[in-house]
Every structure is written in C-alpha cells, then in structure tokens.
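Chemist: So here's entry-v6.cif, just mmCIF, C-alpha atoms:
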```cif
data_target
#
loop_
_atom_site.label_atom_id
_atom_site.label_comp_id
_atom_site.auth_asym_id
_atom_site.auth_seq_id
_atom_site.Cartn_x
_atom_site.Cartn_y
_atom_site.Cartn_z
CA MET A 236 -27.16 -8.61 -12.37
CA MET A 237 -27.63 -4.85 -12.36
CA PRO A 238 -25.32 -2.96 -14.71
CA VAL A 239 -22.61 -0.86 -13.10
CA THR A 240 -23.42 2.79 -13.54
CA GLY A 241 -21.14 5.07 -15.49
CA LYS A 242 -20.26 8.49 -14.17
CA GLY A 243 -22.39 9.77 -11.33
CA THR A 244 -25.30 11.97 -12.35
CA GLU A 245 -27.59 14.25 -10.37
CA ASN A 246 -30.25 11.56 -10.19
CA CYS A 247 -27.94 8.58 -9.91
CA PRO A 248 -24.79 9.12 -7.84
CA GLN A 249 -22.06 6.52 -7.85
CA HIS A 250 -21.93 4.61 -4.60
CA VAL A 251 -18.51 3.89 -3.08
CA GLU A 252 -18.41 1.45 -0.17
CA PHE A 253 -15.38 1.49 2.14
CA MET A 254 -15.05 -1.77 4.03
CA LEU A 255 -13.05 -0.98 7.18
CA LEU A 256 -10.97 -3.68 8.85
CA ASP A 257 -9.65 -3.03 12.35
CA GLY A 258 -6.29 -1.30 12.16
CA PHE A 259 -7.12 0.45 8.88
CA SER A 260 -5.24 3.62 7.95
CA LEU A 261 -7.44 6.64 8.57
CA MET A 262 -5.27 8.80 6.32
CA SER A 263 -5.74 6.38 3.41
CA VAL A 264 -9.52 6.44 3.78
CA SER A 265 -9.72 10.21 4.29
CA SER A 266 -7.51 10.82 1.25
CA ALA A 267 -9.92 8.76 -0.85
CA ILE A 268 -13.13 10.32 0.49
CA GLU A 269 -12.21 14.00 0.41
CA PRO A 270 -11.87 14.24 -3.41
CA LEU A 271 -15.38 12.74 -3.71
CA ARG A 272 -16.76 15.33 -1.28
CA ALA A 273 -15.03 18.12 -3.17
CA ALA A 274 -16.37 16.81 -6.49
CA ASN A 275 -19.93 16.98 -5.16
CA ARG A 276 -19.34 20.52 -3.91
CA LEU A 277 -17.89 21.81 -7.17
CA LEU A 278 -20.43 20.00 -9.35
CA ARG A 279 -23.25 21.24 -7.10
CA PHE A 280 -24.93 17.87 -7.08
CA GLU A 281 -24.26 14.50 -5.47
CA ALA A 282 -22.20 12.69 -8.10
CA TYR A 283 -20.71 10.37 -5.46
CA ARG A 284 -22.00 8.95 -2.21
CA TRP A 285 -20.03 6.78 0.20
CA THR A 286 -20.80 4.44 3.04
CA PHE A 287 -18.77 2.50 5.58
CA SER A 288 -19.11 -1.16 6.40
CA SER A 289 -17.26 -3.56 8.69
CA GLU A 290 -17.15 -7.32 9.02
CA ASP A 291 -19.66 -7.46 11.87
CA GLY A 292 -21.40 -4.09 11.61
CA ALA A 293 -19.62 -2.76 14.70
CA ALA A 294 -17.46 0.36 14.72
CA ALA A 295 -13.99 -0.16 13.27
CA ASN A 296 -10.80 1.00 14.99
CA ALA A 297 -8.26 2.88 12.89
CA SER A 298 -4.55 2.33 13.46
CA ASN A 299 -4.38 5.63 15.35
CA GLY A 300 -7.03 4.44 17.83
CA ILE A 301 -9.93 6.48 16.44
CA SER A 302 -13.18 4.52 16.30
CA VAL A 303 -15.31 4.97 13.16
CA ASN A 304 -19.02 4.09 13.13
CA VAL A 305 -20.19 2.18 10.07
CA ASP A 306 -23.45 2.10 8.14
CA ASN A 307 -23.77 -1.63 7.59
CA ARG A 308 -22.33 -5.05 8.12
CA LEU A 309 -20.47 -6.06 4.96
CA GLY A 310 -22.91 -7.86 2.66
CA ASN A 311 -26.07 -6.41 4.21
CA SER A 312 -26.31 -3.33 2.00
CA LYS A 313 -27.16 -2.91 -1.67
CA ARG A 314 -24.34 -3.47 -4.13
CA ALA A 315 -22.11 -0.45 -4.58
CA ASP A 316 -20.42 0.67 -7.78
CA TYR A 317 -17.04 0.46 -6.03
CA LEU A 318 -16.01 -1.50 -2.95
CA PHE A 319 -12.67 -0.65 -1.36
CA VAL A 320 -11.20 -2.95 1.28
CA CYS A 321 -9.33 -0.71 3.73
CA ALA A 322 -6.66 -2.32 5.88
CA GLY A 323 -3.51 -1.30 7.69
CA ILE A 324 -1.47 -2.87 10.44
CA THR A 325 -3.92 -5.66 11.32
CA LEU A 326 -4.12 -8.31 8.63
CA VAL A 327 -6.28 -10.87 10.38
CA ALA A 328 -9.98 -11.00 9.48
CA LYS A 329 -12.55 -11.84 12.14
CA ASP A 330 -14.15 -14.34 9.75
CA GLN A 331 -11.95 -14.85 6.69
CA THR A 332 -14.32 -17.38 5.11
CA ARG A 333 -17.36 -15.08 5.24
CA LEU A 334 -15.25 -12.15 4.06
CA ASN A 335 -14.10 -14.16 1.02
CA VAL A 336 -17.66 -15.18 0.20
CA ILE A 337 -19.02 -11.62 0.36
CA LEU A 338 -16.16 -10.14 -1.66
CA ASN A 339 -16.61 -12.77 -4.38
CA ARG A 340 -20.36 -12.18 -4.41
CA ARG A 341 -19.85 -8.46 -4.86
CA SER A 342 -17.41 -9.13 -7.70
CA ARG A 343 -19.92 -11.41 -9.47
CA GLU A 344 -22.56 -8.70 -9.10
CA GLY A 345 -20.36 -6.36 -11.16
CA CYS A 346 -18.92 -4.22 -8.38
CA ARG A 347 -15.54 -2.68 -9.12
CA MET A 348 -13.30 -4.17 -6.45
CA GLY A 349 -10.60 -2.04 -4.88
CA ALA A 350 -8.20 -1.86 -1.97
CA LEU A 351 -6.42 0.87 -0.03
CA SER A 352 -3.04 0.45 1.64
CA MET A 353 -2.82 -3.22 2.77
CA GLY A 354 -6.33 -4.09 1.62
CA ALA A 355 -4.97 -5.93 -1.43
CA VAL A 356 -4.01 -8.76 0.94
CA PHE A 357 -7.69 -9.52 1.50
CA LEU A 358 -8.60 -9.33 -2.19
CA ALA A 359 -5.75 -11.75 -2.85
CA ARG A 360 -6.94 -14.14 -0.14
CA ALA A 361 -10.36 -14.10 -1.79
CA ASN A 362 -8.67 -15.04 -5.12
CA LEU A 363 -9.79 -11.77 -6.69
CA LEU A 364 -6.34 -10.69 -7.88
CA ASN A 365 -5.20 -13.88 -9.59
CA ASP A 366 -5.52 -12.39 -13.07
CA ALA A 367 -4.81 -8.73 -12.32
CA ARG A 368 -1.82 -6.55 -11.56
CA CYS A 369 -2.01 -4.89 -8.17
CA THR A 370 -0.18 -2.75 -5.66
CA LEU A 371 -0.16 -2.13 -1.92
CA HIS A 372 1.90 -0.15 0.56
CA TRP A 373 5.63 -0.79 0.11
CA GLU A 374 5.97 -1.95 3.72
CA GLY A 375 3.80 -4.99 3.05
CA GLN A 376 5.18 -5.95 -0.36
CA PRO A 377 7.85 -8.46 0.77
CA ALA A 378 5.32 -10.42 2.83
CA PHE A 379 2.71 -10.18 0.06
CA SER A 380 5.14 -11.71 -2.43
CA GLU A 381 5.89 -14.51 0.04
CA GLU A 382 2.18 -15.31 0.49
CA PHE A 383 1.11 -14.76 -3.13
CA PRO A 384 4.11 -15.42 -5.40
CA TYR A 385 1.80 -16.01 -8.38
CA ILE A 386 0.21 -12.52 -8.27
CA GLN A 387 1.79 -9.77 -10.35
CA LEU A 388 2.73 -7.10 -7.82
CA SER A 389 3.64 -3.56 -8.85
CA ASN A 390 5.39 -0.82 -6.86
CA GLU A 391 3.25 1.90 -8.43
CA LEU A 392 1.15 4.32 -6.38
CA TYR A 393 -2.04 2.81 -7.75
CA VAL A 394 -2.95 0.22 -10.34
CA ILE A 395 -6.17 -0.09 -12.34
CA ASP A 396 -6.39 -3.42 -14.12
CA LYS A 397 -9.73 -4.44 -15.59
CA ASN A 398 -12.17 -3.78 -12.72
CA ARG A 399 -9.56 -3.99 -9.95
CA TYR A 400 -8.47 -0.75 -8.29
CA THR A 401 -5.59 -1.13 -5.84
CA CYS A 402 -3.78 1.70 -4.13
CA ALA A 403 -0.68 2.04 -1.94
CA GLY A 404 -2.56 4.10 0.62
CA GLY A 405 -1.51 7.29 2.35
CA THR A 406 -2.07 10.26 0.08
CA ALA A 407 -2.06 8.01 -3.01
CA GLY A 408 -5.81 7.53 -2.46
CA LEU A 409 -6.30 11.13 -3.47
CA ASP A 410 -4.49 10.53 -6.76
CA LEU A 411 -6.54 7.41 -7.51
CA MET A 412 -9.84 9.18 -6.85
CA LEU A 413 -8.79 12.19 -8.90
CA HIS A 414 -8.09 9.80 -11.78
CA ILE A 415 -11.57 8.29 -11.43
CA ILE A 416 -13.18 11.73 -11.20
CA ALA A 417 -11.26 12.91 -14.28
CA GLN A 418 -12.55 9.92 -16.23
CA ASP A 419 -16.10 10.60 -15.08
CA HIS A 420 -16.24 14.39 -15.26
CA GLY A 421 -13.11 15.66 -17.00
CA ASP A 422 -9.60 16.84 -16.21
CA LEU A 423 -10.69 20.39 -15.36
CA LEU A 424 -12.76 19.21 -12.40
CA ALA A 425 -9.93 16.96 -11.19
CA ARG A 426 -7.45 19.86 -11.34
CA SER A 427 -9.89 22.14 -9.51
CA ILE A 428 -10.22 19.56 -6.73
CA ALA A 429 -6.42 19.20 -6.52
CA ASN A 430 -6.19 22.97 -6.10
CA GLN A 431 -8.71 22.79 -3.26
CA PHE A 432 -6.25 20.60 -1.36
CA GLN A 433 -3.14 22.63 -2.23
CA VAL A 434 -1.85 19.77 -4.40
CA ASP A 435 0.46 21.14 -7.08
CA ARG A 436 0.31 18.07 -9.32
CA ILE A 437 -1.84 14.99 -9.76
CA ARG A 438 0.39 11.93 -9.71
CA THR A 439 -0.31 9.20 -12.22
CA GLY A 440 -0.46 5.55 -11.23
CA SER A 441 2.87 4.92 -12.93
CA VAL A 442 4.74 6.93 -10.26
CA GLU A 443 6.78 4.53 -8.15
CA GLN A 444 6.46 4.34 -4.38
CA ARG A 445 9.49 5.37 -2.36
CA SER A 446 10.25 2.85 0.38
CA GLY A 447 11.94 3.51 3.70
CA SER A 448 14.65 6.17 3.60
CA SER A 449 15.45 5.65 -0.08
CA VAL A 450 15.36 8.63 -2.41
CA ARG A 451 12.95 8.70 -5.33
CA LEU A 452 14.56 7.11 -8.35
CA ASP A 453 12.89 9.52 -10.76
CA THR A 454 14.71 12.42 -9.07
CA LEU A 455 18.16 10.89 -9.57
CA PRO A 456 20.49 11.16 -12.56
CA PRO A 457 19.65 8.30 -14.97
CA GLN A 458 22.73 6.16 -14.27
CA LEU A 459 22.37 6.57 -10.52
CA GLY A 460 18.70 5.64 -10.75
CA GLN A 461 19.66 2.53 -12.71
CA ALA A 462 22.22 1.63 -10.06
CA ALA A 463 19.70 2.01 -7.24
CA GLY A 464 17.19 -0.05 -9.22
CA LEU A 465 19.74 -2.85 -9.65
CA MET A 466 20.31 -2.86 -5.90
CA MET A 467 16.60 -3.21 -5.17
CA GLN A 468 16.35 -6.12 -7.61
CA ASN A 469 19.26 -7.99 -6.06
CA PHE A 470 18.89 -8.34 -2.30
CA GLU A 471 19.52 -12.07 -1.85
CA ASN A 472 22.71 -12.05 -3.94
CA PRO A 473 24.10 -8.50 -3.62
CA LEU A 474 26.09 -7.13 -6.52
CA SER A 475 29.51 -5.59 -5.96
CA SER A 476 30.11 -1.92 -6.68
CA THR A 477 32.29 -3.03 -9.60
CA GLU A 478 29.42 -5.06 -11.09
CA ILE A 479 26.92 -2.24 -10.64
CA ALA A 480 29.28 0.33 -12.15
CA ARG A 481 29.89 -1.90 -15.18
CA LYS A 482 26.16 -2.50 -15.72
CA VAL A 483 25.34 1.22 -15.73
CA GLY A 484 28.39 2.26 -17.75
CA LEU A 485 30.37 4.10 -15.08
CA SER A 486 33.70 3.67 -13.38
CA VAL A 487 33.56 2.70 -9.72
CA ARG A 488 35.03 6.08 -8.80
CA ASN A 489 32.35 7.99 -10.70
CA LEU A 490 29.63 5.77 -9.21
CA GLU A 491 30.90 6.56 -5.72
CA ARG A 492 30.99 10.28 -6.49
CA LEU A 493 27.40 10.23 -7.73
CA PHE A 494 26.16 8.39 -4.62
CA GLN A 495 27.98 10.73 -2.28
CA ARG A 496 26.67 13.80 -4.07
CA HIS A 497 23.01 12.73 -4.26
CA THR A 498 22.53 10.42 -1.25
CA GLY A 499 25.37 11.36 1.10
CA GLN A 500 26.37 7.69 1.26
CA THR A 501 28.75 5.32 -0.43
CA PRO A 502 27.16 2.78 -2.77
CA ALA A 503 27.90 0.00 -0.25
CA ARG A 504 26.29 1.89 2.64
CA TYR A 505 23.24 2.79 0.56
CA TYR A 506 22.89 -0.83 -0.58
CA LYS A 507 23.15 -2.16 2.98
CA THR A 508 20.49 0.28 4.16
CA LEU A 509 18.10 -0.94 1.45
CA ARG A 510 18.73 -4.56 2.44
CA LEU A 511 18.20 -3.87 6.13
CA GLU A 512 14.95 -2.02 5.45
CA GLN A 513 13.81 -5.01 3.40
CA ALA A 514 14.73 -7.25 6.34
CA ARG A 515 12.72 -5.05 8.68
CA ASP A 516 9.67 -5.35 6.43
CA LEU A 517 9.99 -9.14 6.49
CA LEU A 518 10.33 -9.15 10.27
CA LEU A 519 7.24 -7.01 10.70
CA HIS A 520 4.98 -8.71 8.19
CA THR A 521 6.00 -12.37 7.94
CA SER A 522 6.73 -15.24 10.31
CA LEU A 523 9.99 -16.15 8.53
CA ALA A 524 12.82 -17.18 10.82
CA ASN A 525 15.63 -14.70 11.32
CA VAL A 526 18.07 -16.95 9.48
CA ASP A 527 15.77 -17.07 6.44
CA ILE A 528 15.43 -13.29 6.46
CA ALA A 529 19.20 -12.95 6.72
CA ILE A 530 19.63 -15.15 3.65
CA ALA A 531 16.85 -13.36 1.72
CA THR A 532 18.56 -10.02 2.26
CA GLY A 533 22.10 -11.09 1.44
CA PHE A 534 23.70 -11.57 4.87
CA CYS A 535 25.96 -14.61 5.10
CA THR A 536 25.28 -15.44 8.77
CA SER A 537 22.61 -14.68 11.37
CA SER A 538 25.18 -13.10 13.67
CA HIS A 539 26.38 -10.71 10.96
CA PHE A 540 22.78 -9.87 10.13
CA SER A 541 21.96 -9.17 13.79
CA ALA A 542 25.02 -6.97 14.24
CA CYS A 543 24.22 -4.90 11.13
CA TYR A 544 20.55 -4.64 12.13
CA ARG A 545 21.42 -3.39 15.61
CA GLU A 546 23.81 -0.84 14.12
CA GLN A 547 21.11 0.44 11.75
CA PHE A 548 18.05 0.47 14.00
CA GLY A 549 19.44 0.42 17.53
CA HIS A 550 17.95 -2.94 18.52
CA SER A 551 18.13 -6.58 17.48
CA PRO A 552 15.90 -8.32 14.91
CA SER A 553 14.33 -10.41 17.68
CA SER A 554 13.39 -7.37 19.73
CA GLU A 555 11.84 -5.81 16.59
CA ARG A 556 9.14 -8.45 16.70
CA GLN A 557 8.68 -8.07 20.45
CA ARG A 558 8.07 -4.35 19.92
CA ASP A 559 5.74 -5.11 17.01
CA THR A 560 2.34 -4.87 18.68
CA VAL A 561 -0.39 -2.28 18.68
CA ARG A 562 -3.18 -2.14 21.24
CA PHE A 563 -6.74 -0.98 20.70
CA GLU A 564 -9.51 -0.29 23.18
CA LYS A 565 -12.47 -2.43 22.18
CA ASP A 566 -15.59 -3.38 24.11
CA GLY A 567 -13.98 -2.23 27.35
CA ARG A 568 -10.98 -4.57 27.09
CA ARG A 569 -7.48 -4.41 25.69
CA VAL A 570 -6.97 -6.26 22.43
CA LYS A 571 -3.51 -6.97 21.09
CA TRP A 572 -3.02 -7.23 17.34
CA ALA A 573 0.17 -8.61 15.74
CA GLN A 574 1.25 -6.54 12.77
CA ARG A 575 2.54 -9.35 10.62
CA ILE A 576 0.60 -11.29 8.03
CA ARG A 577 -0.79 -14.57 9.36
#
```
Now that the file is in, can you turn its structure into structure tokens?

Modeler:
Amino acid sequence: MMPVTGKGTENCPQHVEFMLLDGFSLMSVSSAIEPLRAANRLLRFEAYRWTFSSEDGAAANASNGISVNVDNRLGNSKRADYLFVCAGITLVAKDQTRLNVILNRRSREGCRMGALSMGAVFLARANLLNDARCTLHWEGQPAFSEEFPYIQLSNELYVIDKNRYTCAGGTAGLDLMLHIIAQDHGDLLARSIANQFQVDRIRTGSVEQRSGSSVRLDTLPPQLGQAAGLMMQNFENPLSSTEIARKVGLSVRNLERLFQRHTGQTPARYYKTLRLEQARDLLLHTSLANVDIAIATGFCTSSHFSACYREQFGHSPSSERQRDTVRFEKDGRRVKWAQRIR
C-alpha cells in the first residue's frame, strides 16, 4: 500500500477525487473545489489537483439539472489522497454493491474517505462510518438516524474523525477545505483564501448547523439557547413550557418574553414549528407511515398531525410526498428520482 502523502508540494500535489452521484449538490462541490484552486494560485504551484468520477463513468447530473463530465469511472483511476462522495437529493446508487466494494478498497489503500452533503449515507452503507463520528446535511439527519442508529451522528458543520472527513454541504465545504489547507500550509494561507471569497470568518467544525427556520442557538441568550436545545432533544414526548422554564431556571413568563423578543413566537409555537419541520424531513427522506411520523414528532393523532401540517406548510403530509420528485434529462429520456432514502 502506498503511503498517503502529507501536504501537497510542487512536485507532488495532493489528489482529491470527487465521486459524483446523480442529484449531487453543485454548490457543495464548488464550495469544496474553489479553496483548492485559490490555494494553488496563491502558492504559485499545484499543491492540490482534483478529478471527478461517477459510478459508470458517464456525466453526472447535479440537483439543479447541470450535467458535469467526469474523468473516470469510480475505481478505474489511481488512488487519490482524499475521496469525497458527493450526494444530494438522490440517495439510490446505480450499483450499491460495486460502490461498496470500491469505497472499501480505497479505504484499505489508505485513502482519506470523505463525504459532502448527503454523501455520508453511502459511506455508512459501505460500513465505513461504524467507528467514526460523522455529519451530513440537517435535512437528512432524521432518516440517517433511522437507517443507521448505531452510528454517532453530529450536527456540526463538518467532522474529522481519524481518516473520515464528513461535511454538511452547502458552503460548509469551504470551511472544511480551509481547515485542511491550514493544516497543510498554515493559517495565513487559509485566511488569505477566505479573503478571496469575501468570507469574514472561517467557521470551525464545532459550529452547529441551523435547521429549517430555526435561529442559531449560539446567537441566543444562554437560557434561551438551552430552552431551544431541550426542545430539539424532545420531539416524541414534548416538554411543557413549565418544564422547560424550570430546567433552564426561568419563570414561564420570563421564558415567554425571551422567545417573543428573540424569535417573535411563543415557546409553544416555536416548539411546534421545530416538530413540524422534523416531520417534514421524515416525510421527505424516509418511508415511515404518517402515523409513525406523527408519533415520532409528538402529535397524539394522525388527524391532529395532518391539520397542524397543513396549517404550517399549506398542504397535507400525503401531498408532500406526492410533490417530492425531481426530474432529470438523461440519455434523451425523463428519469424520475424519489428524494427519500431507500
């Protein structure tokens, strides 16, 4: 097995392979590539090189419909220093067995295995996250926990655990790559690259993702942040405002004042919104029955759940799944992809 190179040098750039699955997020991939390009420009030598691969060697379709040509079929190129599985709304592999075999082979060869956005699903299916913490986009976390309850899932922007590099996607790919570049070539270069992209701060992996319409907990007063955190930890058996106030050391009246001032909602309304957004994630990314989703998000009956869902989103839970398709042009025909995890 060839040793994994350290930082890229003028004569030996680090090779980053992006494995694109149909429906991948183009923003996630672009956010990860651009810091590498900028690093090469500022260093004035090729410290990093990147290639694209797909399952079958054919062009991959991004979730926005843009088709991206690839360099190789996955497994047909030389081992890279990093391999990032890039996935988005489509979580069905064309050949899951072959994909698992190639990913495991790359891991045994010493490749640092990573994932952008929903790509962690495929590392998990290949049993490559069994002993590592990981993260993925907040929208897919409920379904991920259903499919892989034994894997330690984090809500952080990115997680580096041993030689596993997982990232929530979106612009978080930029933060992950800046971290890697800083380790390889120093903080000054990373800050210079951030300035190139008008980024005023480099976020660390410990920054929590913000899901749905919820406000960032680190921007809230401490007791309000604790209250919101308690809500997110207790969907199936919702806590009362009295219980939450007691746990964070406030009176119910003061808790209500804080929520109104910082979120514009009562604690009950804010809590219900969080639960309904969790329900929406489960509808989009799992095949759980509506009644099971209602129970998992703290609604006593399916009818009450449906009424609250319609009030929040303007349509029923059942119609959410009917709307939940994305079409791609491929090989001259229309291909429909379901967005939920199979």

Chemist: Which residues are near stretch 275-281 of chain A? Cut-off 12 Å, all atoms listed in the file, ignore same chain within fewer than 5 positions. Put them as a ChimeraX atom specification.

Modeler: /A:242-250,268-270,416,419-421,423-431

Chemist: Which residue is closest to A:Glu555? Choose from A:Gln376, A:Asn525, A:Ser302, A:Thr498 and count only C-alpha atoms.

Modeler: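 Closest candidate: A:Asn525.
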
Chemist: Kindly give the distance, in Å, that separates atom CA of A:Gly345 and atom CA of A:Ser263, rounded to a single decimal.

Modeler: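 Atom CA of A:Ser263 lies at a distance of 24.3 Å from atom CA of A:Gly345.
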
Chemist: Written as a PyMOL selection string, which residues does the PyMOL selection byres ((chain A and resi 326-340) around 10) give for the file shown?

Modeler: chain A and resi 256-259+289-291+309-311+314+318+320+322-325+341-346+348+353-354+356-363+520+572-577

Chemist: Could you put an axis-aligned box around every listed atom of stretch 384-399 of chain A, padded by 6 Å on each side, and send me its centre and edge lengths in Å to one decimal, as AutoDock Vina command-line options?

Modeler:
```
--center_x -3.4 --center_y -5.8 --center_z -10.5 --size_x 29.6 --size_y 32.3 --size_z 22.2
```

Chemist: A:Ala378, A:Cys535, A:Met254, A:Leu459: which is nearest A:Thr521, counting only C-alpha atoms?

Modeler: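 The shortest atom-to-atom distance to A:Thr521 comes from A:Ala378.
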
Chemist: Identify which of the residues A:Tyr317, A:Gln458, A:Ala542, A:Cys402 lies closest to A:Ser486, counting all atoms listed in the file when measuring atom-to-atom distances.

Modeler: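 Using all atoms listed in the file, A:Ser486 sits closest to A:Gln458.
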
Chemist: Quick one: everything within 12 Å of A:Leu485, counting all atoms listed in the file, minus sequence neighbours fewer than 4 positions away in the same chain. Send it as a tab-separated table (two decimals) with C-alpha atoms, in the frame of the given file.

Modeler:
```
chain	number	residue	atom	x	y	z
A	457	PRO	CA	19.65	8.30	-14.97
A	458	GLN	CA	22.73	6.16	-14.27
A	459	LEU	CA	22.37	6.57	-10.52
A	461	GLN	CA	19.66	2.53	-12.71
A	462	ALA	CA	22.22	1.63	-10.06
A	476	SER	CA	30.11	-1.92	-6.68
A	477	THR	CA	32.29	-3.03	-9.60
A	478	GLU	CA	29.42	-5.06	-11.09
A	479	ILE	CA	26.92	-2.24	-10.64
A	480	ALA	CA	29.28	0.33	-12.15
A	481	ARG	CA	29.89	-1.90	-15.18
A	489	ASN	CA	32.35	7.99	-10.70
A	490	LEU	CA	29.63	5.77	-9.21
A	491	GLU	CA	30.90	6.56	-5.72
A	492	ARG	CA	30.99	10.28	-6.49
A	493	LEU	CA	27.40	10.23	-7.73
```

Chemist: Can you pull stretch 323-354 of chain A out of that block with N, CA and C atoms and hand it back as a PDB file, in the first residue's frame?

Modeler:
```pdb
ATOM      1  N   GLY A 323     -26.805  14.330  -3.036  1.00  0.00           N
ATOM      2  CA  GLY A 323     -27.809  15.326  -2.672  1.00  0.00           C
ATOM      3  C   GLY A 323     -29.165  14.692  -2.541  1.00  0.00           C
ATOM      4  N   ILE A 324     -30.066  15.041  -3.450  1.00  0.00           N
ATOM      5  CA  ILE A 324     -31.445  14.603  -3.288  1.00  0.00           C
ATOM      6  C   ILE A 324     -31.671  13.151  -3.674  1.00  0.00           C
ATOM      7  N   THR A 325     -30.793  12.575  -4.498  1.00  0.00           N
ATOM      8  CA  THR A 325     -30.985  11.196  -4.933  1.00  0.00           C
ATOM      9  C   THR A 325     -30.076  10.286  -4.117  1.00  0.00           C
ATOM     10  N   LEU A 326     -30.674   9.391  -3.374  1.00  0.00           N
ATOM     11  CA  LEU A 326     -29.879   8.545  -2.477  1.00  0.00           C
ATOM     12  C   LEU A 326     -30.001   7.076  -2.850  1.00  0.00           C
ATOM     13  N   VAL A 327     -30.060   6.829  -4.144  1.00  0.00           N
ATOM     14  CA  VAL A 327     -30.115   5.468  -4.663  1.00  0.00           C
ATOM     15  C   VAL A 327     -28.942   5.283  -5.615  1.00  0.00           C
ATOM     16  N   ALA A 328     -28.029   4.377  -5.296  1.00  0.00           N
ATOM     17  CA  ALA A 328     -26.897   4.101  -6.175  1.00  0.00           C
ATOM     18  C   ALA A 328     -27.340   3.246  -7.354  1.00  0.00           C
ATOM     19  N   LYS A 329     -26.634   3.388  -8.470  1.00  0.00           N
ATOM     20  CA  LYS A 329     -26.931   2.548  -9.629  1.00  0.00           C
ATOM     21  C   LYS A 329     -26.511   1.111  -9.368  1.00  0.00           C
ATOM     22  N   ASP A 330     -25.431   0.922  -8.646  1.00  0.00           N
ATOM     23  CA  ASP A 330     -24.949  -0.416  -8.279  1.00  0.00           C
ATOM     24  C   ASP A 330     -24.342  -0.310  -6.881  1.00  0.00           C
ATOM     25  N   GLN A 331     -25.209  -0.465  -5.864  1.00  0.00           N
ATOM     26  CA  GLN A 331     -24.763  -0.272  -4.486  1.00  0.00           C
ATOM     27  C   GLN A 331     -23.657  -1.249  -4.098  1.00  0.00           C
ATOM     28  N   THR A 332     -23.746  -2.482  -4.577  1.00  0.00           N
ATOM     29  CA  THR A 332     -22.739  -3.491  -4.220  1.00  0.00           C
ATOM     30  C   THR A 332     -21.362  -3.095  -4.738  1.00  0.00           C
ATOM     31  N   ARG A 333     -21.283  -2.722  -6.016  1.00  0.00           N
ATOM     32  CA  ARG A 333     -19.986  -2.315  -6.575  1.00  0.00           C
ATOM     33  C   ARG A 333     -19.468  -1.063  -5.882  1.00  0.00           C
ATOM     34  N   LEU A 334     -20.374  -0.128  -5.615  1.00  0.00           N
ATOM     35  CA  LEU A 334     -19.966   1.100  -4.931  1.00  0.00           C
ATOM     36  C   LEU A 334     -19.351   0.772  -3.575  1.00  0.00           C
ATOM     37  N   ASN A 335     -19.986  -0.120  -2.820  1.00  0.00           N
ATOM     38  CA  ASN A 335     -19.448  -0.510  -1.504  1.00  0.00           C
ATOM     39  C   ASN A 335     -18.071  -1.140  -1.630  1.00  0.00           C
ATOM     40  N   VAL A 336     -17.904  -1.986  -2.637  1.00  0.00           N
ATOM     41  CA  VAL A 336     -16.623  -2.675  -2.829  1.00  0.00           C
ATOM     42  C   VAL A 336     -15.518  -1.672  -3.129  1.00  0.00           C
ATOM     43  N   ILE A 337     -15.785  -0.727  -4.041  1.00  0.00           N
ATOM     44  CA  ILE A 337     -14.757   0.243  -4.427  1.00  0.00           C
ATOM     45  C   ILE A 337     -14.418   1.167  -3.259  1.00  0.00           C
ATOM     46  N   LEU A 338     -15.426   1.631  -2.537  1.00  0.00           N
ATOM     47  CA  LEU A 338     -15.159   2.520  -1.403  1.00  0.00           C
ATOM     48  C   LEU A 338     -14.326   1.817  -0.339  1.00  0.00           C
ATOM     49  N   ASN A 339     -14.626   0.558  -0.071  1.00  0.00           N
ATOM     50  CA  ASN A 339     -13.837  -0.195   0.917  1.00  0.00           C
ATOM     51  C   ASN A 339     -12.420  -0.443   0.417  1.00  0.00           C
ATOM     52  N   ARG A 340     -12.273  -0.681  -0.884  1.00  0.00           N
ATOM     53  CA  ARG A 340     -10.933  -0.879  -1.423  1.00  0.00           C
ATOM     54  C   ARG A 340     -10.105   0.391  -1.286  1.00  0.00           C
ATOM     55  N   ARG A 341     -10.711   1.527  -1.591  1.00  0.00           N
ATOM     56  CA  ARG A 341      -9.997   2.792  -1.449  1.00  0.00           C
ATOM     57  C   ARG A 341      -9.601   3.031   0.012  1.00  0.00           C
ATOM     58  N   SER A 342     -10.486   2.702   0.936  1.00  0.00           N
ATOM     59  CA  SER A 342     -10.166   2.872   2.349  1.00  0.00           C
ATOM     60  C   SER A 342      -8.987   1.994   2.755  1.00  0.00           C
ATOM     61  N   ARG A 343      -8.972   0.747   2.298  1.00  0.00           N
ATOM     62  CA  ARG A 343      -7.852  -0.163   2.630  1.00  0.00           C
ATOM     63  C   ARG A 343      -6.540   0.324   2.025  1.00  0.00           C
ATOM     64  N   GLU A 344      -6.629   1.018   0.899  1.00  0.00           N
ATOM     65  CA  GLU A 344      -5.426   1.539   0.249  1.00  0.00           C
ATOM     66  C   GLU A 344      -4.854   2.761   0.969  1.00  0.00           C
ATOM     67  N   GLY A 345      -5.581   3.268   1.969  1.00  0.00           N
ATOM     68  CA  GLY A 345      -5.082   4.400   2.742  1.00  0.00           C
ATOM     69  C   GLY A 345      -5.657   5.735   2.347  1.00  0.00           C
ATOM     70  N   CYS A 346      -6.664   5.730   1.481  1.00  0.00           N
ATOM     71  CA  CYS A 346      -7.289   6.981   1.062  1.00  0.00           C
ATOM     72  C   CYS A 346      -8.099   7.556   2.218  1.00  0.00           C
ATOM     73  N   ARG A 347      -8.000   8.870   2.407  1.00  0.00           N
ATOM     74  CA  ARG A 347      -8.856   9.529   3.391  1.00  0.00           C
ATOM     75  C   ARG A 347     -10.257   9.621   2.799  1.00  0.00           C
ATOM     76  N   MET A 348     -11.232   9.043   3.477  1.00  0.00           N
ATOM     77  CA  MET A 348     -12.577   8.948   2.941  1.00  0.00           C
ATOM     78  C   MET A 348     -13.442  10.078   3.468  1.00  0.00           C
ATOM     79  N   GLY A 349     -14.127  10.767   2.553  1.00  0.00           N
ATOM     80  CA  GLY A 349     -14.947  11.893   2.955  1.00  0.00           C
ATOM     81  C   GLY A 349     -16.297  11.890   2.274  1.00  0.00           C
ATOM     82  N   ALA A 350     -17.133  12.822   2.672  1.00  0.00           N
ATOM     83  CA  ALA A 350     -18.467  12.945   2.103  1.00  0.00           C
ATOM     84  C   ALA A 350     -18.928  14.380   2.206  1.00  0.00           C
ATOM     85  N   LEU A 351     -19.631  14.848   1.175  1.00  0.00           N
ATOM     86  CA  LEU A 351     -20.228  16.173   1.168  1.00  0.00           C
ATOM     87  C   LEU A 351     -21.749  16.041   1.156  1.00  0.00           C
ATOM     88  N   SER A 352     -22.399  16.903   1.915  1.00  0.00           N
ATOM     89  CA  SER A 352     -23.858  16.946   1.983  1.00  0.00           C
ATOM     90  C   SER A 352     -24.408  15.592   2.419  1.00  0.00           C
ATOM     91  N   MET A 353     -25.126  14.864   1.547  1.00  0.00           N
ATOM     92  CA  MET A 353     -25.737  13.590   1.918  1.00  0.00           C
ATOM     93  C   MET A 353     -24.833  12.391   1.611  1.00  0.00           C
ATOM     94  N   GLY A 354     -23.604  12.659   1.215  1.00  0.00           N
ATOM     95  CA  GLY A 354     -22.696  11.575   0.855  1.00  0.00           C
ATOM     96  C   GLY A 354     -22.388  10.612   1.980  1.00  0.00           C
TER      97      GLY A 354
END
```
